[in-house]
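The next block is structure.txt, given as compact mmCIF, C-alpha atoms and all ligand atoms.
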```
# COMPACT_ATOMS: atom_id res chain seq x y z
CA MET A 20 85.49 -3.89 -46.17
CA ASN A 21 82.44 -3.89 -43.90
CA ILE A 22 81.71 -1.11 -41.50
CA ASN A 23 80.58 -1.69 -37.93
CA THR A 24 76.83 -1.44 -38.44
CA ASN A 25 76.26 -1.34 -34.67
CA TYR A 26 76.94 2.38 -35.00
CA ASP A 27 73.62 2.63 -36.84
CA ASN A 28 71.95 1.76 -33.53
CA LEU A 29 73.34 4.81 -31.74
CA GLU A 30 71.71 8.20 -31.36
CA GLN A 31 72.99 10.36 -34.18
CA SER A 32 75.22 12.41 -31.92
CA TYR A 33 76.58 12.19 -28.37
CA LEU A 34 74.31 13.94 -25.87
CA PHE A 35 76.73 16.70 -24.92
CA SER A 36 77.66 17.33 -28.56
CA THR A 37 73.97 17.78 -29.39
CA ILE A 38 73.60 20.28 -26.57
CA ALA A 39 76.75 22.18 -27.56
CA LYS A 40 75.45 22.42 -31.13
CA ARG A 41 72.04 23.74 -30.04
CA VAL A 42 73.64 26.32 -27.76
CA SER A 43 76.05 27.43 -30.46
CA GLU A 44 73.15 27.89 -32.91
CA TYR A 45 71.36 29.99 -30.31
CA THR A 46 74.39 32.19 -29.54
CA GLN A 47 75.01 32.77 -33.24
CA LYS A 48 71.46 34.02 -33.63
CA ASN A 49 71.52 35.98 -30.35
CA PRO A 50 75.06 37.33 -29.97
CA ASP A 51 73.98 39.98 -27.45
CA LYS A 52 72.55 37.50 -24.92
CA LYS A 53 74.69 36.18 -22.07
CA VAL A 54 74.26 32.42 -21.96
CA ILE A 55 75.08 30.67 -18.66
CA ARG A 56 76.19 27.07 -19.07
CA LEU A 57 75.17 24.69 -16.30
CA GLY A 58 74.96 21.74 -18.67
CA ILE A 59 78.02 19.52 -19.12
CA GLY A 60 79.84 18.72 -15.90
CA ASP A 61 82.94 20.67 -16.76
CA VAL A 62 84.85 22.42 -14.00
CA THR A 63 85.59 26.14 -14.07
CA LEU A 64 88.10 26.67 -11.25
CA PRO A 65 91.76 26.52 -12.27
CA LEU A 66 94.15 23.79 -11.16
CA CYS A 67 95.40 24.29 -7.63
CA LYS A 68 98.89 25.59 -6.87
CA ALA A 69 100.31 22.28 -5.66
CA VAL A 70 99.41 20.83 -9.06
CA THR A 71 100.69 23.67 -11.24
CA ASP A 72 103.97 23.77 -9.26
CA ALA A 73 104.43 20.04 -9.88
CA LEU A 74 103.55 20.44 -13.56
CA HIS A 75 106.11 23.26 -13.99
CA LYS A 76 108.79 21.23 -12.28
CA ALA A 77 108.06 18.22 -14.49
CA VAL A 78 108.18 20.36 -17.63
CA ASP A 79 111.64 21.58 -16.60
CA GLU A 80 112.78 18.01 -15.98
CA MET A 81 111.71 17.07 -19.50
CA GLY A 82 113.98 19.78 -20.91
CA ILE A 83 117.10 18.51 -19.19
CA GLN A 84 119.08 15.55 -20.50
CA SER A 85 119.59 13.85 -17.14
CA THR A 86 115.90 13.97 -16.13
CA PHE A 87 114.24 13.65 -19.55
CA ARG A 88 111.83 10.69 -19.92
CA GLY A 89 110.59 8.92 -23.00
CA TYR A 90 107.97 6.15 -22.95
CA GLY A 91 106.73 5.53 -19.43
CA PRO A 92 105.15 2.39 -17.99
CA GLU A 93 101.74 1.89 -19.64
CA GLN A 94 100.12 1.26 -16.27
CA GLY A 95 101.48 4.48 -14.81
CA TYR A 96 104.55 5.50 -12.85
CA ASP A 97 104.96 3.90 -9.46
CA PHE A 98 105.11 7.32 -7.78
CA LEU A 99 101.50 8.00 -8.82
CA ARG A 100 100.27 4.46 -8.23
CA THR A 101 101.73 4.69 -4.73
CA ALA A 102 99.93 8.00 -4.16
CA VAL A 103 96.62 6.47 -5.30
CA GLN A 104 97.27 3.46 -3.09
CA GLY A 105 97.75 5.82 -0.12
CA TYR A 106 94.50 7.63 -0.94
CA TYR A 107 92.56 4.35 -0.92
CA LYS A 108 94.26 3.37 2.33
CA SER A 109 92.94 6.57 3.91
CA HIS A 110 89.46 5.15 3.17
CA ASN A 111 90.42 1.76 4.63
CA VAL A 112 90.85 0.06 1.26
CA ASN A 113 94.06 -1.89 0.73
CA LEU A 114 95.20 -2.25 -2.85
CA GLU A 115 98.34 -3.74 -4.34
CA LEU A 116 100.30 -1.49 -6.65
CA ASP A 117 99.73 -3.71 -9.66
CA GLU A 118 95.96 -3.47 -9.21
CA ILE A 119 96.14 0.27 -9.92
CA PHE A 120 96.22 1.48 -13.53
CA ILE A 121 96.71 5.16 -14.35
CA SER A 122 94.40 6.30 -17.13
CA ASP A 123 93.61 9.43 -19.08
CA GLY A 124 90.20 9.57 -17.39
CA ALA A 125 87.27 7.40 -16.40
CA LYS A 126 85.36 7.84 -19.65
CA SER A 127 88.09 6.27 -21.81
CA ASP A 128 88.61 3.29 -19.54
CA LEU A 129 84.88 2.70 -19.09
CA GLY A 130 84.83 2.15 -22.83
CA ASN A 131 88.21 0.41 -23.13
CA ILE A 132 87.47 -2.18 -20.44
CA LEU A 133 84.89 -3.77 -22.71
CA ASP A 134 87.77 -5.27 -24.73
CA LEU A 135 88.02 -7.84 -21.92
CA PHE A 136 84.48 -9.16 -22.23
CA GLY A 137 82.85 -11.44 -24.77
CA ALA A 138 80.32 -10.02 -27.19
CA ASN A 139 77.49 -12.16 -25.85
CA ASN A 140 77.55 -10.80 -22.29
CA LYS A 141 74.31 -9.21 -21.16
CA VAL A 142 74.65 -5.68 -19.86
CA LEU A 143 72.56 -4.07 -17.14
CA VAL A 144 72.46 -0.31 -16.69
CA PRO A 145 70.26 1.92 -14.57
CA ASP A 146 67.95 4.30 -16.41
CA PRO A 147 68.64 7.28 -16.33
CA VAL A 148 72.33 6.69 -16.99
CA TYR A 149 75.58 8.32 -18.15
CA PRO A 150 75.26 7.64 -21.91
CA VAL A 151 78.81 6.33 -22.27
CA TYR A 152 77.92 2.99 -20.62
CA VAL A 153 75.15 2.38 -23.12
CA ASP A 154 76.81 3.73 -26.26
CA THR A 155 80.08 1.81 -25.82
CA ASN A 156 78.15 -1.45 -25.50
CA ILE A 157 75.95 -0.68 -28.48
CA MET A 158 79.10 0.01 -30.52
CA ALA A 159 80.28 -3.49 -29.56
CA GLY A 160 76.91 -5.02 -30.45
CA ARG A 161 75.99 -6.05 -26.91
CA GLU A 162 72.46 -6.33 -25.62
CA VAL A 163 71.67 -3.71 -22.99
CA SER A 164 68.91 -4.10 -20.39
CA TYR A 165 67.71 -1.40 -18.08
CA ILE A 166 66.73 -1.15 -14.45
CA ASP A 167 64.41 1.68 -13.52
CA ALA A 168 65.69 4.46 -11.30
CA ASN A 169 62.85 6.74 -10.31
CA GLN A 170 61.41 8.89 -7.56
CA GLU A 171 59.87 5.78 -5.92
CA ASN A 172 63.25 4.14 -5.36
CA GLU A 173 64.96 7.49 -4.80
CA PHE A 174 66.91 6.92 -8.02
CA LEU A 175 68.79 4.08 -6.31
CA PRO A 176 67.51 0.88 -7.94
CA GLY A 177 68.28 -2.28 -6.01
CA VAL A 178 68.61 -5.92 -7.01
CA ASN A 179 64.90 -6.44 -6.40
CA ASP A 180 64.15 -3.94 -9.16
CA ILE A 181 65.81 -6.16 -11.78
CA GLY A 182 63.19 -7.52 -14.17
CA LYS A 183 62.49 -11.27 -13.79
CA ASP A 184 63.59 -12.15 -17.32
CA ILE A 185 66.76 -10.07 -17.22
CA LYS A 186 70.16 -11.71 -16.97
CA ALA A 187 73.02 -9.45 -16.02
CA ASP A 188 76.65 -10.33 -16.69
CA ILE A 189 78.04 -6.80 -16.70
CA ILE A 190 76.44 -4.36 -14.27
CA TYR A 191 77.13 -0.63 -14.25
CA ILE A 192 76.84 1.36 -11.05
CA CYS A 193 77.69 5.03 -10.65
CA SER A 194 77.64 6.39 -7.10
CA PRO A 195 77.38 9.31 -6.42
CA ASN A 196 75.26 9.07 -9.48
CA ASN A 197 75.50 10.93 -12.73
CA PRO A 198 72.93 12.30 -13.56
CA THR A 199 70.73 12.09 -10.44
CA GLY A 200 73.21 12.81 -7.64
CA ALA A 201 71.86 9.83 -5.63
CA VAL A 202 74.36 7.87 -3.49
CA TYR A 203 74.18 4.23 -2.41
CA ASN A 204 74.83 3.49 1.24
CA LYS A 205 76.89 0.48 2.29
CA THR A 206 73.89 -1.78 2.85
CA GLN A 207 72.49 -1.07 -0.60
CA LEU A 208 75.86 -1.55 -2.27
CA LYS A 209 76.40 -4.80 -0.35
CA GLU A 210 73.25 -6.19 -1.99
CA TRP A 211 74.71 -5.46 -5.41
CA VAL A 212 78.01 -7.10 -4.49
CA GLU A 213 76.19 -10.18 -3.20
CA TYR A 214 74.08 -10.31 -6.35
CA ALA A 215 77.16 -10.08 -8.58
CA LEU A 216 78.97 -12.80 -6.63
CA ALA A 217 75.96 -15.10 -6.70
CA ASN A 218 75.42 -14.58 -10.44
CA LYS A 219 79.08 -14.53 -11.49
CA ALA A 220 78.56 -11.05 -12.88
CA ILE A 221 81.01 -8.17 -12.89
CA ILE A 222 80.23 -4.71 -11.55
CA LEU A 223 81.79 -1.76 -13.36
CA PHE A 224 81.76 0.85 -10.62
CA ASP A 225 82.13 4.49 -11.62
CA SER A 226 83.31 6.51 -8.63
CA ALA A 227 84.21 9.68 -10.52
CA TYR A 228 82.23 11.82 -8.07
CA GLU A 229 83.39 10.21 -4.80
CA CYS A 230 85.11 13.41 -3.62
CA PHE A 231 81.70 15.08 -3.24
CA ILE A 232 80.63 12.66 -0.51
CA SER A 233 80.42 14.59 2.72
CA ASP A 234 79.12 11.84 4.98
CA ASP A 235 81.84 9.43 6.12
CA SER A 236 79.38 6.58 6.48
CA LEU A 237 78.72 6.56 2.71
CA PRO A 238 81.07 4.43 0.60
CA ARG A 239 83.50 6.27 -1.69
CA SER A 240 84.77 3.04 -3.17
CA ILE A 241 83.00 -0.24 -3.85
CA TYR A 242 85.94 -2.00 -2.23
CA GLU A 243 84.69 -0.75 1.13
CA ILE A 244 82.17 -3.58 0.72
CA GLU A 245 83.35 -7.05 1.63
CA GLY A 246 83.73 -9.33 -1.37
CA ALA A 247 83.81 -6.50 -3.92
CA LYS A 248 87.36 -7.31 -4.98
CA ASN A 249 85.99 -10.59 -6.29
CA CYS A 250 83.40 -8.98 -8.54
CA ALA A 251 84.13 -5.32 -9.28
CA ILE A 252 86.33 -3.05 -11.34
CA GLU A 253 86.42 0.59 -10.24
CA PHE A 254 86.95 3.70 -12.35
CA CYS A 255 87.91 7.02 -10.89
CA SER A 256 89.08 10.32 -12.25
CA LEU A 257 90.76 13.53 -11.20
CA SER A 258 88.51 15.49 -13.56
CA LYS A 259 85.95 16.53 -10.99
CA THR A 260 88.13 15.91 -7.94
CA ALA A 261 90.96 18.22 -8.93
CA GLY A 262 89.84 20.06 -12.06
CA PHE A 263 91.56 17.72 -14.54
CA THR A 264 88.84 17.75 -17.23
CA GLY A 265 91.32 19.34 -19.64
CA THR A 266 94.50 17.91 -18.12
CA ARG A 267 93.28 14.29 -18.26
CA CYS A 268 94.19 11.79 -15.59
CA GLY A 269 92.31 9.08 -13.73
CA TYR A 270 92.80 5.58 -12.39
CA THR A 271 91.20 2.20 -12.84
CA ILE A 272 91.36 -0.59 -10.28
CA VAL A 273 91.40 -4.15 -11.54
CA PRO A 274 91.79 -6.43 -8.50
CA LYS A 275 93.93 -9.54 -8.87
CA ASN A 276 91.11 -11.54 -7.26
CA LEU A 277 89.28 -11.20 -10.57
CA GLY A 278 91.33 -14.03 -12.03
CA LYS A 279 92.62 -13.44 -15.53
CA LEU A 280 91.13 -9.95 -15.86
CA ASN A 281 94.04 -8.16 -14.20
CA LYS A 282 96.59 -9.79 -16.53
CA MET A 283 94.31 -9.29 -19.54
CA TRP A 284 94.05 -5.58 -18.73
CA VAL A 285 97.87 -5.35 -18.56
CA ARG A 286 98.00 -7.10 -21.94
CA ARG A 287 95.37 -4.76 -23.37
CA GLN A 288 96.99 -1.60 -22.04
CA THR A 289 100.54 -2.53 -23.07
CA THR A 290 99.24 -3.18 -26.58
CA LYS A 291 96.89 -0.24 -27.08
CA PHE A 292 98.05 2.48 -24.67
CA ASN A 293 101.35 4.26 -24.08
CA GLY A 294 100.42 5.71 -20.73
CA VAL A 295 99.56 9.16 -19.43
CA PRO A 296 102.26 11.83 -19.98
CA TYR A 297 104.93 12.00 -17.27
CA ILE A 298 104.22 15.71 -16.75
CA VAL A 299 100.51 15.08 -16.12
CA GLN A 300 101.27 12.20 -13.75
CA ARG A 301 103.50 14.47 -11.68
CA GLY A 302 100.64 16.99 -11.51
CA ALA A 303 98.27 14.19 -10.47
CA GLU A 304 100.69 13.01 -7.79
CA ALA A 305 100.55 16.49 -6.24
CA VAL A 306 96.77 16.15 -5.79
CA PHE A 307 97.41 13.46 -3.19
CA THR A 308 99.90 15.47 -1.12
CA GLU A 309 98.74 17.17 2.08
CA GLU A 310 98.90 20.55 0.37
CA GLY A 311 97.08 19.26 -2.72
CA GLN A 312 94.28 17.69 -0.66
CA LYS A 313 93.80 20.95 1.27
CA GLU A 314 93.67 22.99 -1.92
CA ILE A 315 91.26 20.75 -3.82
CA LYS A 316 88.94 20.66 -0.81
CA ILE A 317 88.54 24.43 -1.09
CA ASN A 318 87.48 24.00 -4.73
CA ILE A 319 85.10 21.13 -3.98
CA ASP A 320 83.52 23.18 -1.19
CA TYR A 321 83.08 26.05 -3.64
CA TYR A 322 81.11 23.80 -6.00
CA LYS A 323 79.10 22.42 -3.08
CA GLU A 324 78.18 25.95 -2.12
CA ASN A 325 76.95 26.50 -5.70
CA ALA A 326 74.90 23.31 -5.40
CA LYS A 327 73.31 24.73 -2.26
CA VAL A 328 72.47 27.98 -4.01
CA ILE A 329 70.78 26.00 -6.80
CA SER A 330 68.94 23.75 -4.39
CA ASP A 331 67.75 26.67 -2.21
CA THR A 332 66.46 28.49 -5.27
CA LEU A 333 64.57 25.46 -6.55
CA LYS A 334 63.05 25.03 -3.12
CA GLU A 335 61.97 28.65 -3.12
CA CYS A 336 60.44 28.18 -6.58
CA ASN A 337 58.72 25.01 -5.39
CA ILE A 338 60.46 22.85 -8.00
CA TRP A 339 60.97 19.21 -6.98
CA HIS A 340 64.64 18.23 -7.01
CA THR A 341 67.19 15.90 -5.51
CA GLY A 342 70.99 15.51 -5.50
CA GLY A 343 73.48 18.32 -4.99
CA LYS A 344 74.39 17.14 -1.50
CA HIS A 345 77.02 14.49 -2.16
CA SER A 346 77.21 15.35 -5.81
CA PRO A 347 77.78 18.31 -8.13
CA TYR A 348 74.53 17.48 -9.94
CA ILE A 349 71.02 18.68 -9.11
CA TRP A 350 68.26 16.60 -10.68
CA LEU A 351 64.97 18.43 -10.96
CA ARG A 352 61.46 17.72 -12.17
CA CYS A 353 60.61 20.09 -15.04
CA PRO A 354 57.95 22.58 -13.89
CA ASN A 355 54.47 22.43 -15.41
CA ASP A 356 55.04 18.86 -16.62
CA MET A 357 57.27 20.07 -19.40
CA LYS A 358 59.24 17.50 -21.39
CA SER A 359 62.99 17.62 -20.85
CA TRP A 360 63.93 19.04 -24.26
CA GLU A 361 61.00 21.41 -24.14
CA PHE A 362 62.30 22.72 -20.82
CA PHE A 363 65.82 22.96 -22.28
CA ASP A 364 64.54 25.19 -25.10
CA TYR A 365 62.34 27.16 -22.73
CA LEU A 366 65.23 27.98 -20.37
CA LEU A 367 67.56 28.84 -23.23
CA GLU A 368 65.00 31.06 -24.89
CA LYS A 369 63.62 32.80 -21.78
CA ILE A 370 66.60 33.12 -19.42
CA GLN A 371 69.61 31.84 -21.43
CA VAL A 372 70.46 29.12 -18.91
CA VAL A 373 71.76 25.82 -20.28
CA GLY A 374 71.19 22.55 -18.47
CA THR A 375 71.04 18.91 -19.53
CA PRO A 376 67.68 17.39 -20.53
CA GLY A 377 66.99 14.32 -18.41
CA ALA A 378 65.62 12.45 -21.43
CA GLY A 379 69.16 12.42 -22.82
CA PHE A 380 70.05 9.98 -20.02
CA GLY A 381 67.24 7.53 -20.76
CA LYS A 382 63.47 7.13 -20.79
CA ASN A 383 63.14 7.60 -17.02
CA GLY A 384 64.87 10.94 -17.39
CA GLU A 385 61.94 12.32 -19.39
CA ASN A 386 60.37 15.31 -17.59
CA TYR A 387 63.57 15.76 -15.57
CA PHE A 388 66.51 18.08 -16.01
CA ARG A 389 70.08 18.21 -14.69
CA LEU A 390 71.92 21.31 -13.50
CA THR A 391 75.59 21.29 -12.56
CA SER A 392 77.26 23.19 -9.75
CA PHE A 393 80.55 23.41 -11.67
CA GLY A 394 79.88 26.95 -12.92
CA SER A 395 81.43 30.03 -11.34
CA LYS A 396 79.75 31.39 -8.23
CA GLU A 397 78.79 34.59 -10.08
CA ASN A 398 77.19 32.71 -12.96
CA THR A 399 75.38 30.33 -10.63
CA LEU A 400 73.94 33.23 -8.65
CA GLU A 401 72.97 35.00 -11.86
CA ALA A 402 71.35 31.86 -13.29
CA MET A 403 69.39 31.32 -10.09
CA SER A 404 68.23 34.92 -9.97
CA ARG A 405 66.93 34.42 -13.53
CA PHE A 406 65.20 31.22 -12.35
CA LYS A 407 63.46 33.18 -9.59
CA THR A 408 62.25 35.75 -12.11
CA LEU A 409 60.79 33.01 -14.26
CA PHE A 410 59.42 30.60 -11.66
CA GLY A 411 59.52 32.43 -8.33
CA LYS A 412 56.00 33.72 -7.93
CA LYS A 413 54.06 31.57 -10.33
CA GLN A 414 54.75 28.19 -8.70
C1 LIG B 501 78.69 15.02 -17.63
O1 LIG B 501 78.37 16.18 -17.78
O2 LIG B 501 77.87 14.10 -17.49
C2 LIG B 501 80.15 14.72 -17.59
O3 LIG B 501 80.90 15.85 -17.75
C3 LIG B 501 80.49 13.77 -18.61
C4 LIG B 501 81.86 13.24 -18.44
O4 LIG B 501 82.47 13.30 -17.37
O5 LIG B 501 82.35 12.73 -19.44
```
Let me see the structure of the file written as structure tokens.
Ligand code: MLT
Amino acid sequence: MNINTNYDNLEQSYLFSTIAKRVSEYTQKNPDKKVIRLGIGDVTLPLCKAVTDALHKAVDEMGIQSTFRGYGPEQGYDFLRTAVQGYYKSHNVNLELDEIFISDGAKSDLGNILDLFGANNKVLVPDPVYPVYVDTNIMAGREVSYIDANQENEFLPGVNDIGKDIKADIIYICSPNNPTGAVYNKTQLKEWVEYALANKAIILFDSAYECFISDDSLPRSIYEIEGAKNCAIEFCSLSKTAGFTGTRCGYTIVPKNLGKLNKMWVRRQTTKFNGVPYIVQRGAEAVFTEEGQKEIKINIDYYKENAKVISDTLKECNIWHTGGKHSPYIWLRCPNDMKSWEFFDYLLEKIQVVGTPGAGFGKNGENYFRLTSFGSKENTLEAMSRFKTLFGKKQ
């Protein structure tokens, strides 16, 4: 047998695993120190009541002969697909039910979708970038090119930033962006759609953070842009929207306008996936009810308030930063020109605050650092008070 030697081209460990390992080493050596984690974008608030009620009810159904369910449809139950369809409709996007695929989260499907594309496709990703887009393509042996996202283009690279010699067949866009928190407006996104249509490329659009958009003029879905159904697949998740990081549920949209891709995805999913558990899908359905939407908004507002606390503190400390407005992520320039990993160690050592080194997201992330607003309010306040002690007067 031969192993897949493409794995040799990956970083030795996944970014967030590396961070977890470093933090665990630190806590073992310093058991008395209280470490505050504002690194990985993992939620801390519990599931809302509408969701837990629905989960309980579904568990009971599974224990009764007449309502028990075995294998479900691989693409998801119609009750949840209909709820997702209604959610899109509320943002003026019309989808057919069989364009909606229920998943166990955006990360899995962002990797799985690559089964549909030939090995020789050229991939274009922004730098800095969520490492999953890059790693999954490296695993498949695809060539990855980068487009620079930086302070000059406000971390929103446009088609004019694509290098002259770069050909892009598969283009990744994440908006609101992980890690920078930047959001494309409709005009900017339209340029990408036009570029993809003109070049017969596909856009893989990650909208996992759409619920953080607080300006109605900003697009939550790429399908708000005319023509996007002819060139884009969209990935969304309830992880950040409704606290499903541990519960696992998301949805992927593969429009039928994309020719064979919709049928190929059905073929792929029916072969390799047995669907998301019935119980979880009932919980997810509850997110889209009136009650569910009200309850999750309270949680999203809580995280936005944390983002404001972080942003206000950085301002006070005179630390350049962006994001945190339509996004749970705050992207900051490391003080005193520190390198990202140097700053990571410095914060851990001095004030026991964990963030994510920007360099872990690509070369343009060097000297930057990401903080998340998904911590508890108390921990966020505590972390920011420690920041003020360290950087407040000196800057
Ligand atoms: C992150 O911190 O970037 C996210 O939690 C990663 C993810 O959603 O998989």
_Nearby residues (all atoms listed in the file) at most 9 Å from A:Tyr33, same-chain spacing under 6 positions excluded, as a list of chain:residue names_ = A:Pro150, A:Val151, A:Asp154
Residues of chain A within 6 Å of ligand LIG 501 (chain B): nearest atom pair and distance (Å, one decimal) for each, counting all atoms listed in the file, sorted by chain and number, as a Markdown table?
```
| residue | atom | partner | partner_atom | distance |
| --- | --- | --- | --- | --- |
| A:Ile59 | CA | B:LIG501 | O1 | 3.6 |
| A:Gly60 | CA | B:LIG501 | O1 | 3.5 |
| A:Asp61 | CA | B:LIG501 | O3 | 5.3 |
| A:Lys126 | CA | B:LIG501 | O5 | 5.7 |
```
*Would you kindly identify which residues have an atom no farther than 10 Å from (102.1, 15.4, -18.4), using only C-alpha atoms and the file's own coordinates, and write them out as a ChimeraX atom specification?*
/A:73-75,77-78,81,266-268,295-303
Could those residues be written to a file, using C-alpha atoms, as a PDB file, in the frame of the given file?
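Writing done, so here's again-v7.pdb:
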```pdb
ATOM      1  CA  ALA A  73     104.430  20.040  -9.880  1.00  0.00           C
ATOM      2  CA  LEU A  74     103.550  20.440 -13.560  1.00  0.00           C
ATOM      3  CA  HIS A  75     106.110  23.260 -13.990  1.00  0.00           C
ATOM      4  CA  ALA A  77     108.060  18.220 -14.490  1.00  0.00           C
ATOM      5  CA  VAL A  78     108.180  20.360 -17.630  1.00  0.00           C
ATOM      6  CA  MET A  81     111.710  17.070 -19.500  1.00  0.00           C
ATOM      7  CA  THR A 266      94.500  17.910 -18.120  1.00  0.00           C
ATOM      8  CA  ARG A 267      93.280  14.290 -18.260  1.00  0.00           C
ATOM      9  CA  CYS A 268      94.190  11.790 -15.590  1.00  0.00           C
ATOM     10  CA  VAL A 295      99.560   9.160 -19.430  1.00  0.00           C
ATOM     11  CA  PRO A 296     102.260  11.830 -19.980  1.00  0.00           C
ATOM     12  CA  TYR A 297     104.930  12.000 -17.270  1.00  0.00           C
ATOM     13  CA  ILE A 298     104.220  15.710 -16.750  1.00  0.00           C
ATOM     14  CA  VAL A 299     100.510  15.080 -16.120  1.00  0.00           C
ATOM     15  CA  GLN A 300     101.270  12.200 -13.750  1.00  0.00           C
ATOM     16  CA  ARG A 301     103.500  14.470 -11.680  1.00  0.00           C
ATOM     17  CA  GLY A 302     100.640  16.990 -11.510  1.00  0.00           C
ATOM     18  CA  ALA A 303      98.270  14.190 -10.470  1.00  0.00           C
TER      19      ALA A 303
END
```
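Of the residues under consideration (A:Cys250, A:Val328, A:Leu351, A:Ala69), A:Cys250 shows the shortest atom-to-atom contact distance to A:Ile189 when counting only C-alpha atoms.
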*asked:* Given the point (79.2, -3.9, -11.6) in the coordinates of this file, which residues lie within 12 Å, counting all atoms listed in the file, and how would they look as a ChimeraX atom specification?
replied: /A:129,141-145,152,178,187-194,208-216,218-226,241-242,247-254
Could you list, as a PDB file with C-alpha atoms, in the coordinates of the input, every residue within 7 Å of stretch 110-123 of chain A, counting all atoms listed in the file and ignoring same-chain residues fewer than 5 positions away?
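Written file, part_20.pdb:
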```pdb
ATOM      1  CA  GLN A  94     100.120   1.260 -16.270  1.00  0.00           C
ATOM      2  CA  GLY A  95     101.480   4.480 -14.810  1.00  0.00           C
ATOM      3  CA  ARG A 100     100.270   4.460  -8.230  1.00  0.00           C
ATOM      4  CA  THR A 101     101.730   4.690  -4.730  1.00  0.00           C
ATOM      5  CA  GLN A 104      97.270   3.460  -3.090  1.00  0.00           C
ATOM      6  CA  ASP A 128      88.610   3.290 -19.540  1.00  0.00           C
ATOM      7  CA  TYR A 242      85.940  -2.000  -2.230  1.00  0.00           C
ATOM      8  CA  GLU A 243      84.690  -0.750   1.130  1.00  0.00           C
ATOM      9  CA  ARG A 267      93.280  14.290 -18.260  1.00  0.00           C
ATOM     10  CA  CYS A 268      94.190  11.790 -15.590  1.00  0.00           C
ATOM     11  CA  GLY A 269      92.310   9.080 -13.730  1.00  0.00           C
ATOM     12  CA  TYR A 270      92.800   5.580 -12.390  1.00  0.00           C
ATOM     13  CA  THR A 271      91.200   2.200 -12.840  1.00  0.00           C
ATOM     14  CA  ILE A 272      91.360  -0.590 -10.280  1.00  0.00           C
ATOM     15  CA  VAL A 273      91.400  -4.150 -11.540  1.00  0.00           C
ATOM     16  CA  PRO A 274      91.790  -6.430  -8.500  1.00  0.00           C
ATOM     17  CA  LYS A 275      93.930  -9.540  -8.870  1.00  0.00           C
ATOM     18  CA  VAL A 295      99.560   9.160 -19.430  1.00  0.00           C
TER      19      VAL A 295
END
```
_So that I can see what lies close to A:Leu409, please list as number ranges by chain the residues with an atom at most 9 Å from it, counting all atoms listed in the file and leaving out residues fewer than 5 positions away in the same chain._
A: 369-370, 404
Those selected residues, please, written with C-alpha atoms and delivered as an mmCIF file, keeping the file's coordinate frame.
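Wrote result.cif, looks like this:
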```cif
data_model
loop_
_atom_site.group_PDB
_atom_site.id
_atom_site.type_symbol
_atom_site.label_atom_id
_atom_site.label_comp_id
_atom_site.auth_asym_id
_atom_site.auth_seq_id
_atom_site.Cartn_x
_atom_site.Cartn_y
_atom_site.Cartn_z
ATOM 1 C CA LYS A 369 63.620 32.800 -21.780
ATOM 2 C CA ILE A 370 66.600 33.120 -19.420
ATOM 3 C CA SER A 404 68.230 34.920 -9.970
#
```
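Our summary of the geometry notes that atom CA of A:Ala217 is positioned 13.7 Å from atom CA of A:Glu245.
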Could you give me stretch 310-320 of chain A completed to N, CA and C atoms, formatted as a PDB file, keeping the file's coordinate frame?
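Output (part_39.pdb):
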```pdb
ATOM      1  N   GLU A 310      99.213  19.230   0.905  1.00  0.00           N
ATOM      2  CA  GLU A 310      98.900  20.550   0.370  1.00  0.00           C
ATOM      3  C   GLU A 310      97.808  20.439  -0.712  1.00  0.00           C
ATOM      4  N   GLY A 311      98.023  19.463  -1.615  1.00  0.00           N
ATOM      5  CA  GLY A 311      97.080  19.260  -2.720  1.00  0.00           C
ATOM      6  C   GLY A 311      95.678  18.953  -2.202  1.00  0.00           C
ATOM      7  N   GLN A 312      95.586  18.076  -1.209  1.00  0.00           N
ATOM      8  CA  GLN A 312      94.280  17.690  -0.660  1.00  0.00           C
ATOM      9  C   GLN A 312      93.580  18.898  -0.035  1.00  0.00           C
ATOM     10  N   LYS A 313      94.382  19.744   0.643  1.00  0.00           N
ATOM     11  CA  LYS A 313      93.800  20.950   1.270  1.00  0.00           C
ATOM     12  C   LYS A 313      93.257  21.868   0.181  1.00  0.00           C
ATOM     13  N   GLU A 314      94.054  22.044  -0.858  1.00  0.00           N
ATOM     14  CA  GLU A 314      93.670  22.990  -1.920  1.00  0.00           C
ATOM     15  C   GLU A 314      92.452  22.505  -2.716  1.00  0.00           C
ATOM     16  N   ILE A 315      92.417  21.222  -3.024  1.00  0.00           N
ATOM     17  CA  ILE A 315      91.260  20.750  -3.820  1.00  0.00           C
ATOM     18  C   ILE A 315      89.985  20.778  -2.973  1.00  0.00           C
ATOM     19  N   LYS A 316      90.135  20.619  -1.673  1.00  0.00           N
ATOM     20  CA  LYS A 316      88.940  20.660  -0.810  1.00  0.00           C
ATOM     21  C   LYS A 316      88.276  22.038  -0.900  1.00  0.00           C
ATOM     22  N   ILE A 317      89.098  23.064  -0.982  1.00  0.00           N
ATOM     23  CA  ILE A 317      88.540  24.430  -1.090  1.00  0.00           C
ATOM     24  C   ILE A 317      87.704  24.528  -2.368  1.00  0.00           C
ATOM     25  N   ASN A 318      88.213  23.956  -3.453  1.00  0.00           N
ATOM     26  CA  ASN A 318      87.480  24.000  -4.730  1.00  0.00           C
ATOM     27  C   ASN A 318      86.192  23.170  -4.678  1.00  0.00           C
ATOM     28  N   ILE A 319      86.293  21.994  -4.074  1.00  0.00           N
ATOM     29  CA  ILE A 319      85.100  21.130  -3.980  1.00  0.00           C
ATOM     30  C   ILE A 319      84.030  21.823  -3.128  1.00  0.00           C
ATOM     31  N   ASP A 320      84.477  22.462  -2.046  1.00  0.00           N
ATOM     32  CA  ASP A 320      83.520  23.180  -1.190  1.00  0.00           C
ATOM     33  C   ASP A 320      82.863  24.336  -1.949  1.00  0.00           C
TER      34      ASP A 320
END
```
